[in-house]
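K.L.:
Next up, entry-v8.pdb (PDB, C-alpha atoms).
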```pdb
ATOM      1  CA  MET P  28       0.000   0.000   0.000  1.00  0.00           C
ATOM      2  CA  MET P  29       3.018   2.305   0.447  1.00  0.00           C
ATOM      3  CA  LYS P  30       3.465   2.396  -3.317  1.00  0.00           C
ATOM      4  CA  PHE P  31      -0.131   3.518  -3.897  1.00  0.00           C
ATOM      5  CA  PRO P  32      -0.829   6.573  -1.702  1.00  0.00           C
ATOM      6  CA  ASN P  33      -3.720   7.685  -3.941  1.00  0.00           C
ATOM      7  CA  ASP P  34      -7.093   6.618  -2.441  1.00  0.00           C
ATOM      8  CA  PHE P  35      -8.671   6.799  -5.912  1.00  0.00           C
ATOM      9  CA  THR P  36      -6.278   4.311  -7.510  1.00  0.00           C
ATOM     10  CA  HIS P  37      -7.410   0.744  -8.084  1.00  0.00           C
ATOM     11  CA  HIS P  38      -5.201  -1.806  -6.316  1.00  0.00           C
ATOM     12  CA  HIS P  39      -4.609  -5.261  -7.756  1.00  0.00           C
ATOM     13  CA  VAL P  40      -3.416  -8.263  -5.775  1.00  0.00           C
ATOM     14  CA  PRO P  41      -0.690 -10.308  -7.539  1.00  0.00           C
ATOM     15  CA  ARG P  42      -1.778 -13.773  -8.695  1.00  0.00           C
ATOM     16  CA  SER P  43       0.876 -15.381  -6.454  1.00  0.00           C
ATOM     17  CA  VAL P  44      -0.781 -13.814  -3.386  1.00  0.00           C
ATOM     18  CA  ILE P  45      -4.183 -15.159  -4.436  1.00  0.00           C
ATOM     19  CA  HIS P  46      -2.716 -18.666  -4.854  1.00  0.00           C
ATOM     20  CA  SER P  47      -1.049 -18.442  -1.429  1.00  0.00           C
ATOM     21  CA  LEU P  48      -4.323 -17.340   0.180  1.00  0.00           C
ATOM     22  CA  MET P  49      -6.162 -20.243  -1.449  1.00  0.00           C
ATOM     23  CA  TRP P  50      -3.509 -22.654  -0.151  1.00  0.00           C
ATOM     24  CA  TRP P  51      -3.764 -21.240   3.388  1.00  0.00           C
ATOM     25  CA  GLU P  52      -7.555 -21.432   3.262  1.00  0.00           C
ATOM     26  CA  ALA P  53      -7.348 -25.131   2.349  1.00  0.00           C
ATOM     27  CA  VAL P  54      -4.784 -25.801   5.093  1.00  0.00           C
ATOM     28  CA  LEU P  55      -6.754 -23.968   7.771  1.00  0.00           C
ATOM     29  CA  GLN P  56     -10.006 -25.725   6.863  1.00  0.00           C
ATOM     30  CA  ASN P  57      -8.443 -29.132   7.595  1.00  0.00           C
ATOM     31  CA  PRO P  58      -9.517 -30.004  11.167  1.00  0.00           C
ATOM     32  CA  LEU P  59      -6.840 -32.726  11.436  1.00  0.00           C
ATOM     33  CA  ARG P  60      -3.970 -30.257  11.371  1.00  0.00           C
ATOM     34  CA  CYS P  61      -2.849 -29.224  14.812  1.00  0.00           C
ATOM     35  CA  HIS P  62       0.186 -27.575  16.324  1.00  0.00           C
ATOM     36  CA  SER P  63       1.500 -27.713  19.835  1.00  0.00           C
ATOM     37  CA  LEU P  64       1.636 -24.507  21.845  1.00  0.00           C
ATOM     38  CA  LEU P  65       4.520 -25.854  23.938  1.00  0.00           C
ATOM     39  CA  PRO P  66       7.944 -24.284  23.375  1.00  0.00           C
ATOM     40  CA  CYS P  67       9.791 -26.041  20.570  1.00  0.00           C
ATOM     41  CA  LEU P  68      12.860 -28.119  21.274  1.00  0.00           C
ATOM     42  CA  SER P  69      15.953 -26.939  19.357  1.00  0.00           C
ATOM     43  CA  VAL P  70      17.892 -29.721  17.646  1.00  0.00           C
ATOM     44  CA  ASP P  71      21.141 -29.693  15.650  1.00  0.00           C
ATOM     45  CA  LEU P  72      21.193 -32.913  13.642  1.00  0.00           C
ATOM     46  CA  VAL P  73      24.200 -31.826  11.550  1.00  0.00           C
ATOM     47  CA  ILE P  74      22.176 -31.439   8.371  1.00  0.00           C
ATOM     48  CA  TRP P  75      23.598 -29.717   5.300  1.00  0.00           C
ATOM     49  CA  VAL P  76      21.984 -28.689   2.013  1.00  0.00           C
ATOM     50  CA  ASP P  77      23.636 -27.519  -1.192  1.00  0.00           C
ATOM     51  CA  ALA P  78      23.115 -27.242  -4.930  1.00  0.00           C
ATOM     52  CA  LEU P  79      25.505 -26.962  -7.866  1.00  0.00           C
ATOM     53  CA  THR P  80      24.416 -25.550 -11.226  1.00  0.00           C
ATOM     54  CA  ASP P  81      26.535 -28.096 -13.139  1.00  0.00           C
ATOM     55  CA  TRP P  82      25.338 -31.163 -11.265  1.00  0.00           C
ATOM     56  CA  GLY P  83      22.362 -31.053  -8.917  1.00  0.00           C
ATOM     57  CA  MET P  84      21.402 -30.812  -5.281  1.00  0.00           C
ATOM     58  CA  GLY P  85      22.080 -32.787  -2.156  1.00  0.00           C
ATOM     59  CA  VAL P  86      21.215 -33.232   1.497  1.00  0.00           C
ATOM     60  CA  VAL P  87      23.503 -34.651   4.188  1.00  0.00           C
ATOM     61  CA  LEU P  88      21.886 -35.774   7.451  1.00  0.00           C
ATOM     62  CA  GLY P  89      24.482 -37.081   9.887  1.00  0.00           C
ATOM     63  CA  GLN P  90      26.035 -40.115   8.186  1.00  0.00           C
ATOM     64  CA  GLN P  91      23.283 -40.359   5.538  1.00  0.00           C
ATOM     65  CA  TRP P  92      22.972 -38.420   2.311  1.00  0.00           C
ATOM     66  CA  ALA P  93      20.726 -38.051  -0.722  1.00  0.00           C
ATOM     67  CA  ALA P  94      21.411 -36.374  -4.065  1.00  0.00           C
ATOM     68  CA  TRP P  95      19.368 -35.462  -7.111  1.00  0.00           C
ATOM     69  CA  LYS P  96      20.776 -34.672 -10.553  1.00  0.00           C
ATOM     70  CA  LEU P  97      19.264 -31.690 -12.356  1.00  0.00           C
ATOM     71  CA  LYS P  98      18.079 -32.205 -15.941  1.00  0.00           C
ATOM     72  CA  PRO P  99      20.068 -30.512 -18.730  1.00  0.00           C
ATOM     73  CA  GLY P 100      18.557 -27.121 -19.567  1.00  0.00           C
ATOM     74  CA  TRP P 101      16.920 -26.729 -16.150  1.00  0.00           C
ATOM     75  CA  LYS P 102      18.365 -23.229 -15.761  1.00  0.00           C
ATOM     76  CA  SER P 103      15.887 -21.038 -17.681  1.00  0.00           C
ATOM     77  CA  ASP P 104      12.786 -18.869 -17.223  1.00  0.00           C
ATOM     78  CA  GLY P 105      13.959 -17.522 -13.850  1.00  0.00           C
ATOM     79  CA  TRP P 106      15.013 -20.934 -12.513  1.00  0.00           C
ATOM     80  CA  ASP P 107      18.478 -20.352 -11.110  1.00  0.00           C
ATOM     81  CA  ILE P 108      20.828 -21.488  -8.349  1.00  0.00           C
ATOM     82  CA  SER P 109      18.606 -19.873  -5.700  1.00  0.00           C
ATOM     83  CA  TRP P 110      15.702 -22.008  -6.919  1.00  0.00           C
ATOM     84  CA  ALA P 111      17.847 -25.168  -6.765  1.00  0.00           C
ATOM     85  CA  GLU P 112      19.123 -24.283  -3.281  1.00  0.00           C
ATOM     86  CA  SER P 113      15.517 -23.678  -2.163  1.00  0.00           C
ATOM     87  CA  ILE P 114      14.443 -27.059  -3.492  1.00  0.00           C
ATOM     88  CA  ALA P 115      17.363 -28.710  -1.657  1.00  0.00           C
ATOM     89  CA  LEU P 116      16.196 -27.039   1.566  1.00  0.00           C
ATOM     90  CA  GLU P 117      12.597 -28.135   0.952  1.00  0.00           C
ATOM     91  CA  LEU P 118      13.738 -31.726   0.317  1.00  0.00           C
ATOM     92  CA  ALA P 119      15.692 -31.646   3.590  1.00  0.00           C
ATOM     93  CA  ILE P 120      12.584 -30.467   5.447  1.00  0.00           C
ATOM     94  CA  LEU P 121      10.465 -33.210   3.871  1.00  0.00           C
ATOM     95  CA  LEU P 122      13.128 -35.773   4.832  1.00  0.00           C
ATOM     96  CA  LEU P 123      13.135 -34.519   8.423  1.00  0.00           C
ATOM     97  CA  ILE P 124       9.348 -34.763   8.626  1.00  0.00           C
ATOM     98  CA  GLN P 125       9.432 -38.260   7.125  1.00  0.00           C
ATOM     99  CA  VAL P 126      11.846 -39.509   9.801  1.00  0.00           C
ATOM    100  CA  GLY P 127       9.634 -38.081  12.541  1.00  0.00           C
ATOM    101  CA  HIS P 128      11.023 -34.654  13.434  1.00  0.00           C
ATOM    102  CA  VAL P 129       8.008 -32.435  14.158  1.00  0.00           C
ATOM    103  CA  ASP P 130       7.313 -29.581  16.569  1.00  0.00           C
ATOM    104  CA  CYS P 131      10.992 -28.689  16.904  1.00  0.00           C
ATOM    105  CA  ASN P 132      13.462 -26.093  15.675  1.00  0.00           C
ATOM    106  CA  ILE P 133      16.166 -27.726  13.564  1.00  0.00           C
ATOM    107  CA  VAL P 134      19.435 -26.129  12.530  1.00  0.00           C
ATOM    108  CA  VAL P 135      19.991 -26.627   8.790  1.00  0.00           C
ATOM    109  CA  HIS P 136      23.373 -25.617   7.402  1.00  0.00           C
ATOM    110  CA  GLY P 137      23.793 -24.197   3.908  1.00  0.00           C
ATOM    111  CA  ASP P 138      25.951 -21.751   1.984  1.00  0.00           C
ATOM    112  CA  ASN P 139      23.247 -19.654   0.312  1.00  0.00           C
ATOM    113  CA  THR P 140      22.397 -16.885   2.754  1.00  0.00           C
ATOM    114  CA  GLY P 141      19.738 -15.520   0.379  1.00  0.00           C
ATOM    115  CA  VAL P 142      17.768 -18.768   0.489  1.00  0.00           C
ATOM    116  CA  ILE P 143      18.157 -19.068   4.259  1.00  0.00           C
ATOM    117  CA  GLY P 144      16.978 -15.473   4.683  1.00  0.00           C
ATOM    118  CA  ALA P 145      14.050 -16.086   2.337  1.00  0.00           C
ATOM    119  CA  PHE P 146      13.085 -19.194   4.300  1.00  0.00           C
ATOM    120  CA  ASN P 147      13.124 -17.167   7.518  1.00  0.00           C
ATOM    121  CA  GLU P 148      10.968 -14.481   5.843  1.00  0.00           C
ATOM    122  CA  GLY P 149       8.586 -17.055   4.373  1.00  0.00           C
ATOM    123  CA  HIS P 150       9.126 -16.218   0.699  1.00  0.00           C
ATOM    124  CA  LEU P 151      11.749 -15.873  -2.014  1.00  0.00           C
ATOM    125  CA  HIS P 152      11.659 -12.964  -4.463  1.00  0.00           C
ATOM    126  CA  ASN P 153      12.285 -15.379  -7.346  1.00  0.00           C
ATOM    127  CA  VAL P 154       8.794 -16.493  -8.466  1.00  0.00           C
ATOM    128  CA  PRO P 155       9.772 -20.038  -9.641  1.00  0.00           C
TER     129      PRO P 155
END
```
Step by step, read the file and then write its structure as structure tokens.

P.N.:
Amino acid sequence: MMKFPNDFTHHHVPRSVIHSLMWWEAVLQNPLRCHSLLPCLSVDLVIWVDALTDWGMGVVLGQQWAAWKLKPGWKSDGWDISWAESIALELAILLLIQVGHVDCNIVVHGDNTGVIGAFNEGHLHNVP
């Protein structure tokens, strides 16, 4: 709203915001989702995430690891290293949930401060 100080100007919500609101509406309507109000336990499982433009992305969790090769030509239409690093972080989170880590704060190590900052803010400026 800061960019539109004129009360007589029509304001338009970006499509990405509408999609996010629809997603949140669906999530909040699910009565089976619940969250503890207890303070979260902080855990450092020694988990690392990284991505390389020439190869792919990987996750290291203690003595275990997983890696995914990116398809040739993946880097186009705004898809860049920040996107790949974000996907690596998302895969790490899904892995942590799958092995039973819920309702806790987990330290995840990575070298892309932009992606880590975007995760903390809840969004990345890169649309893809």

K.L.:
Got a sec to resolve the PyMOL selection byres ((chain P and resi 115) around 8) on this structure and send the residues as a ChimeraX atom specification?

P.N.:
/P:76-78,84-86,111-114,116-119

K.L.:
Of the candidates P:Asp81, P:Glu52, P:Asp104, P:Asp71, which one gets nearest to Val154 of chain P if we count only C-alpha atoms?

P.N.:
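The shortest atom-to-atom distance to Val154 of chain P comes from P:Asp104.
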
K.L.:
Name the residues in contact with segment 88-90 of chain P at a cut-off of 9 Å, using only C-alpha atoms, excluding same-chain residues fewer than 4 positions from it; report them as a list in words.

P.N.:
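Listed by chain and then number, they are Leu72, Val73, Ile74, Trp75, Val76, Ala119 and Leu123 of chain P.
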
K.L.:
Name the residues captured by the PyMOL selection byres ((chain P and resi 98) around 12) when it is applied to the shown file; answer as a tab-separated table (two decimals) with C-alpha atoms, in the frame of the given file.

P.N.:
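Dumped everything to out.tsv:
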```
chain	number	residue	atom	x	y	z
P	80	THR	CA	24.42	-25.55	-11.23
P	81	ASP	CA	26.54	-28.10	-13.14
P	82	TRP	CA	25.34	-31.16	-11.26
P	83	GLY	CA	22.36	-31.05	-8.92
P	84	MET	CA	21.40	-30.81	-5.28
P	95	TRP	CA	19.37	-35.46	-7.11
P	96	LYS	CA	20.78	-34.67	-10.55
P	97	LEU	CA	19.26	-31.69	-12.36
P	99	PRO	CA	20.07	-30.51	-18.73
P	100	GLY	CA	18.56	-27.12	-19.57
P	101	TRP	CA	16.92	-26.73	-16.15
P	102	LYS	CA	18.36	-23.23	-15.76
P	103	SER	CA	15.89	-21.04	-17.68
P	111	ALA	CA	17.85	-25.17	-6.76
```

K.L.:
Quick one: everything within 8 Å of Val70 of chain P, counting only C-alpha atoms, minus sequence neighbours fewer than 2 positions away in the same chain. Send it as a VMD selection string.

P.N.:
chain P and resid 68 72 131 to 134

K.L.:
Hey, can I get the axis-aligned box for segment 134-141 of chain P? All listed atoms, 8 Å padding on each side, centre and edge lengths in Å to one decimal, as JSON.

P.N.:
```
{"center_x": 22.7, "center_y": -21.1, "center_z": 6.4, "size_x": 22.5, "size_y": 27.1, "size_z": 28.2}
```

K.L.:
Between P:His150, P:Ile120, P:Phe35, P:Gly144, single out the one closest to Val87 of chain P, counting only C-alpha atoms.

P.N.:
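Ranked by minimum distance to Val87 of chain P, first place goes to P:Ile120.
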
K.L.:
Do you have the atom CA of Leu121 of chain P-atom CA of Ser43 of chain P distance handy?

P.N.:
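That distance, rounded to one decimal, is 22.7 Å.
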
K.L.:
Could you check how far atom CA of Ile108 of chain P sits from atom CA of His152 of chain P, in Å to one decimal?

P.N.:
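Between atom CA of Ile108 of chain P and atom CA of His152 of chain P the gap is 13.1 Å.
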
K.L.:
Point out the residue among P:Gly141, P:Trp92, P:Asp130, P:His136 with the least atom-to-atom distance to Ser69 of chain P, counting all atoms listed in the file.

P.N.:
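Counting all atoms listed in the file, the residue closest to Ser69 of chain P is P:Asp130.
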